[in-house]
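Novice: Take this structure first; my questions come after.
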Amino acid sequence: MTVVYAWGFAIAFFALFTWLGIKFSRVESTGDFLLMGRSVGFWLFFGAYTGAAIGGASVAGFTGYGWSQGYSSMWLIAVSGITVPAFAFFFAKKINVFGRKYGAYTLSDFLARRFGEEIRIPTSLISYLRPVFISGLQFLALGLVFKVGFGLNLKLGILLGAGVVLLYTVTGGQLSAITSQWFQSIIQGGGMLLFLYLVIRYHGGLSSSIERMYSVLPQHMLSAWSTDLSVLSLWIISMGLFYLVDPWLFQWAYMARSAQTSFDALVAVSLSSPWGAISFLGGMLLAAAARTGILAFPSGISPDQVYLYFISKIIPPLAGGFLLVAFLMTVMSCASSFLMTGATLLFNDVIEKAVKRPLSEEKKILLSRVSVLITALLGVASALWIPFLIPLWIMGQALAIAGLLVPVGAAWFWRKATPRAALYSLSLGATTAFVWSLLAWWKVGDPNGFVLGIHAVHVGLAISLLTMILVSFFTPRASQEMERATLWKEIPWEEE
């Protein structure tokens, strides 16, 4: 019965999103297609961003972390809960103003305005890997949900899920993607609350569930300070500082209706970030239920499978069907958002720049849709044929942090940074992180592992910073106009 209910919910929502894609398919410019005409209001921004930010890893993955590691893994949310507000307070308004003044679409536009066009392609390549692999991960997650919850073949599930997401993004672009994400955020939010309620109900109530959790779980799961410092430093960089240079966040800031909307919505998003702790807490309560025999899980079950097993095998069919579809919505909202980010990078930084002659708006919109299709196909290909997709995504994340953090920081705050130094800093930082990740993969079997106690991000950032400082002293600076274009103190808080 769970499958029957799930199919009913799924077909209804798939039809809704397909209708939205068709409804918004008539766009007049690439600005409308890729950035929704820079007109996203507060409530649409807040709901859609929340829906896109909570992906499959944020539900099933965080439940697994709670199941296996407990409170210490909540640092994954806590560090971004500090950095995203910092981004909102210091940069959101200025990025929105910069985007409107220079017609910027991507992070590459920001760096190219400061350091010249030579840095565009390296920035785009580093930025593009992340949305491609994250889209692939979401397509793979869709396939797993269809396999576990709906009984479909994995490959068929990947193709079905990707096809639905592609249908409403390639037709309506950012408008249908964001509108769908807004609806999806409501569904997934209700699903997360229902999940926590059901777990607590199996314990017999809130007080008994908390009492049982503290009495049966090992001590290291009940302390937020049991995390190794080297791992914590990695989380601070990769899940915290990264958001200061995240190409995805830059695009959201560009899309807001005004500088104030960009600020207000991102602050609201930051205040709601503890919402993700629901999955961690639910995982801990499930671990307590398993240890006391209240609930039975297969021996040796993977932490990532705990959530799906609970909603598909344990709870009542109607609730299980709804939660399966809520999980689908969670994955789809993340997939469509990163699909549009990748398409924007591909069209704006590569395809349009490669075409030497002027293009009509009709041709630009067509090529924008082609960019969505290419990004989706790369994501599907990675989900279908790359057995180490998660390690590749981790490597892409490491490359992005190590390559982008120093040049973007210099563009904001250091007038003496030179174009040549920025290019070398980005390239050497990313290359070093990539080589170190390969070394860790070879030495410890995990590109996210530590070699000699050092992570790829640590060594990449060190090389990037050293290169930026040294090369800047020996190479010519950019023009004053280029320097002032991105300096934090030179960009006003509101449009003039």
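In the structure tokens, each chain is lettered A, B, ... as it comes, each chain's residues begin at 1, and ligands are numbered from 1 in order of appearance.
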Do you have, as a tab-separated table, the list of residues of segment 217-279 of chain A lying at most 12 Å from segment 167-184 of chain A, each with its nearest atom pair and that distance in Å to one decimal, counting only C-alpha atoms and ordered by chain then number?
Specialist:
```
residue	atom	partner	partner_atom	distance
A:Gln251	CA	A:Gln174	CA	11.0
A:Trp252	CA	A:Ile178	CA	10.5
A:Met255	CA	A:Gln174	CA	9.6
A:Ala256	CA	A:Ile178	CA	11.8
```
Novice: I need the chosen residues saved as a PDB file, in the first residue's frame, with N, CA and C atoms.
Specialist:
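Result file follows (out-v4.pdb):
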```pdb
ATOM      1  N   GLN A 251      24.698  33.611  -7.279  1.00  0.00           N
ATOM      2  CA  GLN A 251      23.580  33.656  -8.217  1.00  0.00           C
ATOM      3  C   GLN A 251      22.281  34.022  -7.513  1.00  0.00           C
ATOM      4  N   TRP A 252      22.061  33.498  -6.310  1.00  0.00           N
ATOM      5  CA  TRP A 252      20.860  33.863  -5.556  1.00  0.00           C
ATOM      6  C   TRP A 252      20.856  35.358  -5.237  1.00  0.00           C
ATOM      7  N   MET A 255      19.806  37.335  -8.187  1.00  0.00           N
ATOM      8  CA  MET A 255      18.414  37.173  -8.622  1.00  0.00           C
ATOM      9  C   MET A 255      17.417  37.983  -7.811  1.00  0.00           C
ATOM     10  N   ALA A 256      17.779  38.419  -6.616  1.00  0.00           N
ATOM     11  CA  ALA A 256      16.827  39.087  -5.736  1.00  0.00           C
ATOM     12  C   ALA A 256      16.306  40.379  -6.350  1.00  0.00           C
TER      13      ALA A 256
END
```
Novice: Find the residues around segment 124-130 of chain A up to 7 Å (only C-alpha atoms counted), leave out those fewer than 6 positions away in its own chain, and share them as an MDAnalysis selection string.
Specialist: chainID A and resid 108 247 342 345 349 393 396:397 399:400
Novice: Which of segment 130-280 of chain A counts as alpha helix (DSSP H) under DSSP, as a PyMOL selection string please?
Specialist: chain A and resi 130-150+154-203+206-216+229-238+247-255+259-271+277-280
Novice: Which one of A:Leu461, A:Tyr214, A:Ser270, A:Trp436 sits closest to Ala88 of chain A if you count only C-alpha atoms?
Specialist: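 Checking each candidate against Ala88 of chain A, we get A:Ser270 as the closest.
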Novice: Taking 5 positions as the minimum chain separation for residues in the same chain, which residues sit within 7 Å of Gly64 of chain A when counting only C-alpha atoms? Answer as a ChimeraX atom specification.
Specialist: /A:283,303-304,306
Novice: Provide the atom CA of Gln219 of chain A to atom CA of Ala290 of chain A distance in Å, to one decimal place.
Specialist: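 For atom CA of Gln219 of chain A relative to atom CA of Ala290 of chain A, the distance reads 16.6 Å.
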Novice: In Å to one decimal, how far is atom CA of Tyr424 of chain A from atom CA of Ser479 of chain A?
Specialist: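 These two atoms are separated by 18.7 Å.
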